[in-house]
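> target-v9.txt is the file, holding compact mmCIF, C-alpha atoms (C1' of nucleotides):
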```
# COMPACT_ATOMS: atom_id res chain seq x y z
CA MET A 1 24.21 -13.87 0.25
CA SER A 2 22.47 -13.42 3.52
CA ARG A 3 23.93 -14.97 6.62
CA HIS A 4 20.47 -16.38 7.39
CA PRO A 5 18.72 -18.44 4.72
CA GLN A 6 15.31 -17.65 6.21
CA LEU A 7 15.88 -13.97 5.37
CA ASP A 8 15.96 -14.67 1.62
CA LEU A 9 13.30 -12.52 -0.05
CA ASP A 10 11.81 -15.28 -2.18
CA ALA A 11 11.94 -17.96 0.50
CA GLN A 12 9.28 -16.23 2.56
CA LEU A 13 5.61 -15.64 1.98
CA CYS A 14 5.66 -11.96 2.86
CA PHE A 15 7.45 -10.65 -0.22
CA PRO A 16 5.57 -12.65 -2.88
CA LEU A 17 2.35 -11.58 -1.18
CA TYR A 18 3.40 -7.93 -1.12
CA ALA A 19 4.65 -7.96 -4.71
CA ALA A 20 1.62 -9.86 -6.01
CA THR A 21 -0.79 -7.42 -4.39
CA ARG A 22 0.95 -4.46 -5.98
CA ALA A 23 0.98 -6.25 -9.33
CA VAL A 24 -2.77 -6.86 -9.06
CA THR A 25 -3.42 -3.24 -8.08
CA ARG A 26 -1.38 -2.12 -11.07
CA ALA A 27 -3.37 -4.46 -13.30
CA TYR A 28 -6.61 -2.85 -12.16
CA GLY A 29 -5.28 0.66 -12.68
CA PRO A 30 -5.93 1.18 -16.39
CA LEU A 31 -9.35 -0.52 -16.25
CA LEU A 32 -10.56 1.61 -13.33
CA ARG A 33 -8.98 4.79 -14.61
CA GLU A 34 -11.51 4.70 -17.41
CA PHE A 35 -14.15 5.42 -14.76
CA GLY A 36 -12.05 7.85 -12.76
CA LEU A 37 -11.66 5.35 -9.93
CA THR A 38 -8.68 4.20 -7.90
CA TYR A 39 -8.45 0.65 -6.62
CA PRO A 40 -9.40 1.48 -2.99
CA GLN A 41 -12.30 3.59 -4.26
CA TYR A 42 -13.46 0.63 -6.36
CA LEU A 43 -13.26 -1.70 -3.35
CA THR A 44 -15.25 0.79 -1.29
CA LEU A 45 -17.97 0.79 -3.93
CA LEU A 46 -17.95 -3.04 -3.99
CA ALA A 47 -18.48 -3.00 -0.22
CA LEU A 48 -21.38 -0.55 -0.54
CA TRP A 49 -22.97 -2.42 -3.43
CA GLY A 50 -22.74 -5.70 -1.58
CA ASP A 51 -24.37 -4.59 1.66
CA ASP A 52 -27.60 -3.01 2.75
CA GLU A 53 -27.40 0.74 2.70
CA PRO A 54 -26.86 3.07 4.22
CA MET A 55 -23.57 1.96 5.75
CA THR A 56 -21.73 3.97 8.37
CA VAL A 57 -18.05 4.74 8.03
CA GLY A 58 -17.50 2.14 10.75
CA ASP A 59 -19.44 -0.50 8.84
CA LEU A 60 -17.28 0.13 5.78
CA GLY A 61 -14.15 0.00 7.88
CA GLY A 62 -15.19 -3.35 9.34
CA ARG A 63 -15.86 -4.74 5.91
CA LEU A 64 -12.73 -3.42 4.23
CA ARG A 65 -10.57 -3.54 7.36
CA LEU A 66 -9.62 0.10 7.01
CA ASP A 67 -9.85 2.80 9.65
CA SER A 68 -11.51 6.19 9.41
CA GLY A 69 -8.22 7.89 8.73
CA THR A 70 -8.06 6.05 5.43
CA LEU A 71 -11.75 5.88 4.62
CA THR A 72 -12.81 9.46 5.28
CA PRO A 73 -10.81 10.94 2.39
CA VAL A 74 -11.70 8.02 0.08
CA ILE A 75 -15.42 8.50 0.74
CA LYS A 76 -15.09 12.25 0.27
CA ARG A 77 -13.58 11.69 -3.17
CA LEU A 78 -16.41 9.31 -4.08
CA GLU A 79 -18.82 12.00 -2.88
CA GLN A 80 -16.99 14.60 -4.95
CA ALA A 81 -17.42 12.31 -7.97
CA GLY A 82 -21.15 12.16 -7.30
CA LEU A 83 -21.15 8.41 -6.61
CA VAL A 84 -22.12 8.47 -2.91
CA THR A 85 -23.64 10.87 -0.38
CA ARG A 86 -22.57 11.44 3.21
CA GLN A 87 -24.95 12.59 5.93
CA ARG A 88 -24.95 12.60 9.70
CA ASP A 89 -27.29 10.08 11.27
CA THR A 90 -30.00 12.18 12.95
CA LEU A 91 -30.59 9.42 15.52
CA ASP A 92 -26.92 9.26 16.49
CA GLU A 93 -25.03 12.35 15.48
CA ARG A 94 -21.70 10.57 15.87
CA ARG A 95 -22.40 8.41 12.83
CA VAL A 96 -22.07 9.32 9.16
CA LEU A 97 -24.30 7.43 6.76
CA VAL A 98 -22.90 6.65 3.33
CA THR A 99 -25.41 6.03 0.54
CA VAL A 100 -24.81 5.21 -3.12
CA THR A 101 -26.34 7.66 -5.57
CA ALA A 102 -28.14 6.68 -8.78
CA ALA A 103 -24.92 7.39 -10.68
CA GLY A 104 -23.07 5.14 -8.25
CA ARG A 105 -25.53 2.33 -8.81
CA ASP A 106 -25.29 2.74 -12.58
CA LEU A 107 -21.56 2.27 -12.37
CA GLN A 108 -22.13 -1.35 -11.31
CA ASP A 109 -23.14 -2.37 -14.81
CA GLN A 110 -20.22 -0.55 -16.35
CA VAL A 111 -17.57 -2.24 -14.21
CA ALA A 112 -19.24 -5.67 -14.13
CA HIS A 113 -16.92 -6.97 -16.85
CA ILE A 114 -13.73 -6.11 -14.96
CA PRO A 115 -13.41 -9.14 -12.62
CA ALA A 116 -13.42 -11.53 -15.56
CA ARG A 117 -10.69 -9.49 -17.26
CA LEU A 118 -8.54 -9.78 -14.17
CA VAL A 119 -9.17 -13.51 -13.73
CA GLU A 120 -7.91 -13.91 -17.26
CA ALA A 121 -4.84 -11.79 -16.54
CA PHE A 122 -4.07 -13.88 -13.45
CA GLY A 123 -3.61 -16.98 -15.57
CA LEU A 124 -4.73 -19.36 -12.83
CA ASP A 125 -7.12 -22.20 -13.55
CA GLU A 126 -10.30 -22.58 -11.54
CA ASP A 127 -8.77 -25.03 -9.11
CA GLU A 128 -5.76 -22.84 -8.40
CA SER A 129 -7.96 -19.79 -7.92
CA ARG A 130 -10.10 -21.63 -5.42
CA GLN A 131 -7.04 -22.83 -3.53
CA LEU A 132 -5.48 -19.38 -3.44
CA HIS A 133 -8.76 -17.90 -2.27
CA ARG A 134 -9.02 -20.46 0.49
CA LEU A 135 -5.45 -19.98 1.69
CA LEU A 136 -5.77 -16.19 1.75
CA GLY A 137 -9.02 -16.55 3.67
CA ARG A 138 -7.32 -18.71 6.27
CA LEU A 139 -4.48 -16.21 6.57
CA LEU A 140 -6.93 -13.35 7.02
CA ASP A 141 -9.00 -15.20 9.61
CA ARG A 142 -5.90 -16.01 11.56
CA LEU A 143 -4.35 -12.53 11.43
CA ASP A 144 -7.46 -10.36 11.66
CA GLY A 145 -9.70 -12.81 13.44
CA GLU A 146 -8.66 -11.72 16.90
CA LEU A 147 -9.61 -8.14 16.14
CA PRO A 148 -13.09 -6.94 17.10
CA GLU A 149 -14.58 -8.33 13.92
CA SER A 150 -17.76 -6.33 13.78
CA THR A 151 -20.91 -8.14 14.80
CA THR A 152 -22.93 -6.08 12.32
CA ARG A 153 -22.78 -8.79 9.71
CA MET B 1 -26.89 -7.01 -2.63
CA SER B 2 -25.02 -6.28 -5.80
CA ARG B 3 -26.74 -6.68 -9.12
CA HIS B 4 -23.72 -8.70 -10.27
CA PRO B 5 -22.59 -11.66 -8.20
CA GLN B 6 -19.06 -11.45 -9.58
CA LEU B 7 -18.73 -8.02 -7.91
CA ASP B 8 -19.06 -9.49 -4.43
CA LEU B 9 -16.00 -8.52 -2.40
CA ASP B 10 -15.30 -11.96 -0.99
CA ALA B 11 -16.02 -13.86 -4.18
CA GLN B 12 -12.96 -12.42 -5.88
CA LEU B 13 -9.27 -12.91 -5.30
CA CYS B 14 -8.42 -9.24 -5.32
CA PHE B 15 -9.90 -8.24 -1.99
CA PRO B 16 -8.62 -11.19 0.09
CA LEU B 17 -5.20 -10.60 -1.43
CA TYR B 18 -5.33 -6.89 -0.63
CA ALA B 19 -6.65 -7.43 2.91
CA ALA B 20 -4.21 -10.27 3.67
CA THR B 21 -1.23 -8.19 2.57
CA ARG B 22 -2.24 -5.33 4.82
CA ALA B 23 -2.80 -7.77 7.70
CA VAL B 24 0.68 -9.20 7.19
CA THR B 25 2.23 -5.73 7.02
CA ARG B 26 0.44 -4.84 10.24
CA ALA B 27 1.74 -8.04 11.83
CA TYR B 28 5.31 -7.06 10.99
CA GLY B 29 4.86 -3.54 12.32
CA PRO B 30 5.52 -4.04 16.04
CA LEU B 31 8.40 -6.46 15.43
CA LEU B 32 10.20 -4.10 13.04
CA ARG B 33 9.42 -1.00 15.01
CA GLU B 34 11.74 -2.32 17.67
CA PHE B 35 14.57 -1.71 15.20
CA GLY B 36 13.19 1.55 13.82
CA LEU B 37 12.30 -0.08 10.52
CA THR B 38 9.18 0.03 8.36
CA TYR B 39 8.13 -2.99 6.31
CA PRO B 40 9.37 -1.58 2.95
CA GLN B 41 12.64 -0.62 4.59
CA TYR B 42 12.98 -4.17 5.94
CA LEU B 43 12.30 -5.64 2.50
CA THR B 44 14.89 -3.32 1.01
CA LEU B 45 17.45 -4.59 3.50
CA LEU B 46 16.47 -8.20 2.70
CA ALA B 47 17.12 -7.46 -0.98
CA LEU B 48 20.52 -5.95 -0.19
CA TRP B 49 21.52 -8.77 2.16
CA GLY B 50 20.51 -11.37 -0.39
CA ASP B 51 22.50 -10.02 -3.32
CA ASP B 52 26.04 -9.11 -4.14
CA GLU B 53 26.80 -5.53 -3.23
CA PRO B 54 26.88 -2.86 -4.16
CA MET B 55 23.48 -2.76 -5.83
CA THR B 56 22.30 0.18 -7.86
CA VAL B 57 18.91 1.77 -7.27
CA GLY B 58 17.80 0.08 -10.48
CA ASP B 59 18.95 -3.32 -9.26
CA LEU B 60 16.92 -2.88 -6.09
CA GLY B 61 13.92 -1.75 -8.09
CA GLY B 62 14.14 -4.83 -10.29
CA ARG B 63 14.35 -7.08 -7.26
CA LEU B 64 11.58 -5.41 -5.24
CA ARG B 65 9.54 -4.29 -8.25
CA LEU B 66 9.55 -0.70 -7.09
CA ASP B 67 10.52 2.38 -9.07
CA SER B 68 12.98 5.10 -8.13
CA GLY B 69 10.19 7.38 -6.99
CA THR B 70 9.49 4.95 -4.17
CA LEU B 71 13.00 3.68 -3.52
CA THR B 72 14.94 6.93 -3.40
CA PRO B 73 13.28 8.19 -0.20
CA VAL B 74 13.32 4.70 1.37
CA ILE B 75 17.05 4.36 0.74
CA LYS B 76 17.67 7.86 2.04
CA ARG B 77 15.96 6.94 5.31
CA LEU B 78 18.07 3.79 5.59
CA GLU B 79 21.12 5.98 4.97
CA GLN B 80 19.93 8.43 7.61
CA ALA B 81 19.66 5.50 10.03
CA GLY B 82 23.26 4.56 9.26
CA LEU B 83 22.36 1.19 7.72
CA VAL B 84 23.44 1.83 4.12
CA THR B 85 25.59 4.25 2.16
CA ARG B 86 24.83 5.87 -1.21
CA GLN B 87 27.49 6.94 -3.66
CA ARG B 88 27.61 7.77 -7.34
CA ASP B 89 29.29 5.17 -9.50
CA THR B 90 32.46 6.83 -10.73
CA LEU B 91 32.44 4.64 -13.83
CA ASP B 92 28.87 5.61 -14.76
CA GLU B 93 27.75 8.79 -13.06
CA ARG B 94 24.09 7.98 -13.73
CA ARG B 95 24.16 5.13 -11.25
CA VAL B 96 23.98 5.29 -7.47
CA LEU B 97 25.60 2.42 -5.60
CA VAL B 98 23.94 1.29 -2.39
CA THR B 99 26.12 -0.54 0.13
CA VAL B 100 25.22 -1.97 3.53
CA THR B 101 27.24 -0.59 6.42
CA ALA B 102 28.63 -2.68 9.28
CA ALA B 103 25.62 -1.64 11.38
CA GLY B 104 23.33 -2.75 8.55
CA ARG B 105 25.02 -6.12 8.39
CA ASP B 106 24.78 -6.53 12.16
CA LEU B 107 21.03 -5.99 11.95
CA GLN B 108 20.73 -9.30 10.11
CA ASP B 109 21.36 -11.30 13.26
CA GLN B 110 18.91 -9.20 15.24
CA VAL B 111 15.99 -9.66 12.84
CA ALA B 112 16.77 -13.28 11.95
CA HIS B 113 14.12 -14.54 14.37
CA ILE B 114 11.30 -12.51 12.80
CA PRO B 115 10.32 -14.77 9.85
CA ALA B 116 9.65 -17.70 12.18
CA ARG B 117 7.46 -15.47 14.36
CA LEU B 118 5.40 -14.53 11.33
CA VAL B 119 5.10 -18.08 10.04
CA GLU B 120 3.69 -18.96 13.44
CA ALA B 121 1.24 -16.04 13.32
CA PHE B 122 0.11 -17.13 9.85
CA GLY B 123 -1.17 -20.40 11.23
CA LEU B 124 -0.59 -22.32 7.98
CA ASP B 125 1.02 -25.73 7.97
CA GLU B 126 4.05 -26.43 5.84
CA ASP B 127 2.04 -27.79 2.96
CA GLU B 128 -0.32 -24.83 2.85
CA SER B 129 2.58 -22.39 3.03
CA ARG B 130 4.26 -24.09 0.12
CA GLN B 131 1.05 -24.04 -1.92
CA LEU B 132 0.40 -20.38 -1.19
CA HIS B 133 3.97 -19.53 -2.08
CA ARG B 134 3.69 -21.40 -5.35
CA LEU B 135 0.38 -19.78 -6.32
CA LEU B 136 1.62 -16.28 -5.52
CA GLY B 137 4.71 -16.98 -7.57
CA ARG B 138 2.62 -18.02 -10.54
CA LEU B 139 0.50 -14.88 -10.18
CA LEU B 140 3.57 -12.68 -10.06
CA ASP B 141 5.20 -14.35 -13.04
CA ARG B 142 2.05 -13.90 -15.04
CA LEU B 143 1.40 -10.27 -14.09
CA ASP B 144 4.96 -8.96 -13.90
CA GLY B 145 6.58 -11.43 -16.26
CA GLU B 146 5.96 -9.36 -19.34
CA LEU B 147 7.76 -6.40 -17.81
CA PRO B 148 11.47 -5.98 -18.57
CA GLU B 149 12.38 -8.45 -15.82
CA SER B 150 15.97 -7.45 -15.22
CA THR B 151 18.57 -9.83 -16.58
CA THR B 152 20.80 -9.16 -13.57
CA ARG B 153 19.50 -12.18 -11.75
C1' DC C 1 -29.70 13.59 37.35
C1' DG C 2 -24.45 14.19 36.89
C1' DC C 3 -20.40 12.91 35.14
C1' DA C 4 -16.86 9.61 33.77
C1' DA C 5 -16.14 6.23 30.22
C1' DT C 6 -16.93 4.96 25.65
C1' DT C 7 -18.01 5.45 20.77
C1' DC C 8 -17.50 7.57 16.44
C1' DG C 9 -15.66 10.32 12.81
C1' DA C 10 -12.43 13.60 11.48
C1' DT C 11 -7.72 15.47 11.55
C1' DT C 12 -2.71 15.41 11.49
C1' DG C 13 1.64 13.58 10.41
C1' DC C 14 4.54 10.22 8.25
C1' DG C 15 5.83 6.85 4.90
C1' DC C 16 5.04 4.49 1.09
C1' DA C 17 3.45 3.57 -4.29
C1' DC C 18 3.25 5.26 -8.63
C1' DA C 19 2.58 8.33 -12.70
C1' DA C 20 4.63 12.03 -14.98
C1' DC C 21 8.35 14.73 -15.61
C1' DT C 22 13.24 16.57 -15.25
C1' DA C 23 18.25 16.63 -15.40
C1' DT C 24 22.35 14.45 -16.33
C1' DA C 25 25.20 10.87 -18.25
C1' DT C 26 26.07 7.45 -21.67
C1' DT C 27 25.60 5.23 -26.09
C1' DG C 28 25.29 4.76 -30.87
C1' DA C 29 24.20 5.96 -35.68
C1' DG C 30 26.03 8.55 -39.48
C1' DC D 1 33.03 13.80 -33.86
C1' DT D 2 28.14 15.23 -33.40
C1' DC D 3 23.87 14.87 -31.88
C1' DA D 4 19.72 12.28 -31.25
C1' DA D 5 18.21 8.42 -28.54
C1' DT D 6 18.46 6.02 -24.40
C1' DA D 7 19.44 4.98 -19.53
C1' DT D 8 19.35 6.34 -14.82
C1' DA D 9 18.11 8.52 -10.62
C1' DG D 10 15.74 12.24 -8.65
C1' DT D 11 11.59 15.38 -8.06
C1' DT D 12 6.76 16.53 -7.83
C1' DG D 13 2.01 15.65 -7.08
C1' DT D 14 -1.81 12.58 -5.78
C1' DG D 15 -3.78 9.02 -3.11
C1' DC D 16 -3.67 5.70 0.07
C1' DG D 17 -2.68 3.20 5.04
C1' DC D 18 -2.19 3.79 9.68
C1' DA D 19 -0.87 5.58 14.34
C1' DA D 20 -2.03 9.10 17.38
C1' DT D 21 -4.96 12.50 18.81
C1' DC D 22 -9.09 15.29 19.04
C1' DG D 23 -13.92 16.82 19.68
C1' DA D 24 -18.51 15.84 19.90
C1' DA D 25 -22.21 12.60 20.96
C1' DT D 26 -23.86 8.80 23.56
C1' DT D 27 -24.05 5.52 27.29
C1' DG D 28 -24.05 3.90 31.77
C1' DC D 29 -22.91 3.87 36.59
C1' DG D 30 -24.07 5.68 41.11
```
Step by step, read the file and then write its structure as structure tokens.


Amino acid sequence: MSRHPQLDLDAQLCFPLYAATRAVTRAYGPLLREFGLTYPQYLTLLALWGDDEPMTVGDLGGRLRLDSGTLTPVIKRLEQAGLVTRQRDTLDERRVLVTVTAAGRDLQDQVAHIPARLVEAFGLDEDESRQLHRLLGRLLDRLDGELPESTTR
Amino acid sequence: MSRHPQLDLDAQLCFPLYAATRAVTRAYGPLLREFGLTYPQYLTLLALWGDDEPMTVGDLGGRLRLDSGTLTPVIKRLEQAGLVTRQRDTLDERRVLVTVTAAGRDLQDQVAHIPARLVEAFGLDEDESRQLHRLLGRLLDRLDGELPESTTR
DNA sequence: CGCAATTCGATTGCGCACAACTATATTGAG
DNA sequence: CTCAATATAGTTGTGCGCAATCGAATTGCG
């Protein structure tokens, strides 16, 4: 055993959080695969569907808390799949505007059943889900809150 | 806005979970970097410190819920850093035994202060931490429980 | 206006995750 | 004992995450 009880894997929050996230991502895998999507691609679409378009790469990054190094290739794959378009903003050539295509909008209806499937797989009752959601929100606010949380929302 | 309210990013558990995990990993980054470790490498050491050695690659995978495709390169980097050794089990040549070196054991004392630093950064009180831990545990049990949870624990 | 500072996105490099597959070793049925 | 089935780690290929850097566009100070 470890010389320091606080170093025990299961005694901390970090490992259960890490393992649970990967388990959830794995649970989404087969459902999203049906539509040729990965989990980060799906989240990117959720962000686009839930905001006014077009969004810039920076807007998406602020929403998803991902930088351009991660997002650029993800968006390019969504573009390749015909779900979004990318175009330089003519008013500010530094920006790239991301817009959902008709096919991308249609996908909303096809994936709309997925969240309920996952909630079922999670096996938490409504009260537990709400608590977990609240605690994760507090954690996020505390850890990411000091960052330049975009004022575009 | 989305045509389906259940597709809203923040209304679900999946995105807060995903974002919180990345925020926590980022929070560990600078603290672990001081010792030349990444977060998965740190978790791998925690698993080794917390169990009887030597552990096989499969044992580690069962503990961390990672497969050999992920663990093999992680362990090789820990070996490169002089923190663990790898050797074939002479009794069963399929297995690889991972053992912590003296330097690896010494690292325990140096990182022992890190969990408390993170707990502080999380900004959750004791009760909230316990609740979050419990809920994540339930989620993990439910999602990973059906897998061949190794009997070596 | 002129030019330094800033913004924005893309690029590069590294290290995970994981699926799919391979090679080798062990086990077990007949 | 033989050989098919299984167990185990490693390899390969794809797709994130993120730090660091770059190049181009924009802004703002003097």

> Can you list, as a list in words, every protein, DNA or RNA residue that comes within 7 Å of region 8-20 of chain C when you count only C-alpha atoms (C1' of nucleotides), leaving out same-chain residues fewer than 6 positions away?

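The filter keeps Ser68, Arg94 and Arg95 of chain A; Thr70 of chain B.
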
> Tell me which of A:Leu17, A:Ala47, A:Val96, A:Met55 sits closest to Leu132 (chain A), counting only C-alpha atoms.

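So, comparing all the options, the nearest one is A:Leu17.
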
> For a quick test of understanding: name the residues of chain D lying within 9 Å of chain B when counting only C-alpha atoms (C1' of nucleotides), and present them as a count of residues only.

6

> What's the separation between CA of Asp10 (chain A) and CA of Ala20 (chain B), in Å to one decimal place?

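Taking CA of Asp10 (chain A) and CA of Ala20 (chain B), their separation equals 17.8 Å.
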
> So how many Å separate CA of Arg65 (chain A) and CA of Ala23 (chain B), to one decimal?

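We find that CA of Arg65 (chain A) and CA of Ala23 (chain B) lie 8.9 Å from each other.
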
> Kindly indicate which residue among B:Ala121, B:Leu107, B:Leu48, B:Leu37 lies nearest to Gln80 (chain B), using all atoms listed in the file for the distances.

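Looking only at the distances to Gln80 (chain B), the closest residue turns out to be B:Leu37.
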
> Between CA of Pro54 (chain A) and CA of Thr85 (chain A), what is the distance, to one decimal in Å?

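These two atoms are separated by 9.6 Å.
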
> I'd like to know which of B:Gly50, B:Gly36, B:Gly61, B:Gly29 is closest to chain A, using only C-alpha atoms.

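Counting only C-alpha atoms, the residue closest to chain A is B:Gly50.
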
> Will you give me region 61-89 of chain A, written with C-alpha atoms and laid out as a compact mmCIF listing (two decimals), in the first residue's frame?


```
# COMPACT_ATOMS: atom_id res chain seq x y z
CA GLY A 61 -13.86 27.17 -28.14
CA GLY A 62 -15.37 29.36 -25.44
CA ARG A 63 -18.46 27.21 -25.29
CA LEU A 64 -16.70 23.84 -25.33
CA ARG A 65 -13.57 25.06 -23.55
CA LEU A 66 -11.33 23.76 -26.31
CA ASP A 67 -8.63 25.66 -28.16
CA SER A 68 -8.18 26.04 -31.90
CA GLY A 69 -5.56 23.32 -31.97
CA THR A 70 -8.25 20.84 -31.02
CA LEU A 71 -11.21 22.41 -32.77
CA THR A 72 -9.75 23.12 -36.20
CA PRO A 73 -9.35 19.45 -37.16
CA VAL A 74 -12.70 18.52 -35.56
CA ILE A 75 -14.52 21.19 -37.56
CA LYS A 76 -12.71 20.16 -40.73
CA ARG A 77 -13.95 16.60 -40.28
CA LEU A 78 -17.50 17.86 -39.76
CA GLU A 79 -17.06 19.91 -42.93
CA GLN A 80 -15.75 16.85 -44.76
CA ALA A 81 -18.89 15.00 -43.64
CA GLY A 82 -21.02 17.77 -45.10
CA LEU A 83 -22.50 18.79 -41.74
CA VAL A 84 -20.99 22.29 -41.45
CA THR A 85 -19.35 24.91 -43.67
CA ARG A 86 -16.33 27.05 -42.89
CA GLN A 87 -15.76 30.47 -44.40
CA ARG A 88 -13.62 33.47 -43.60
CA ASP A 89 -15.51 36.42 -42.19
```
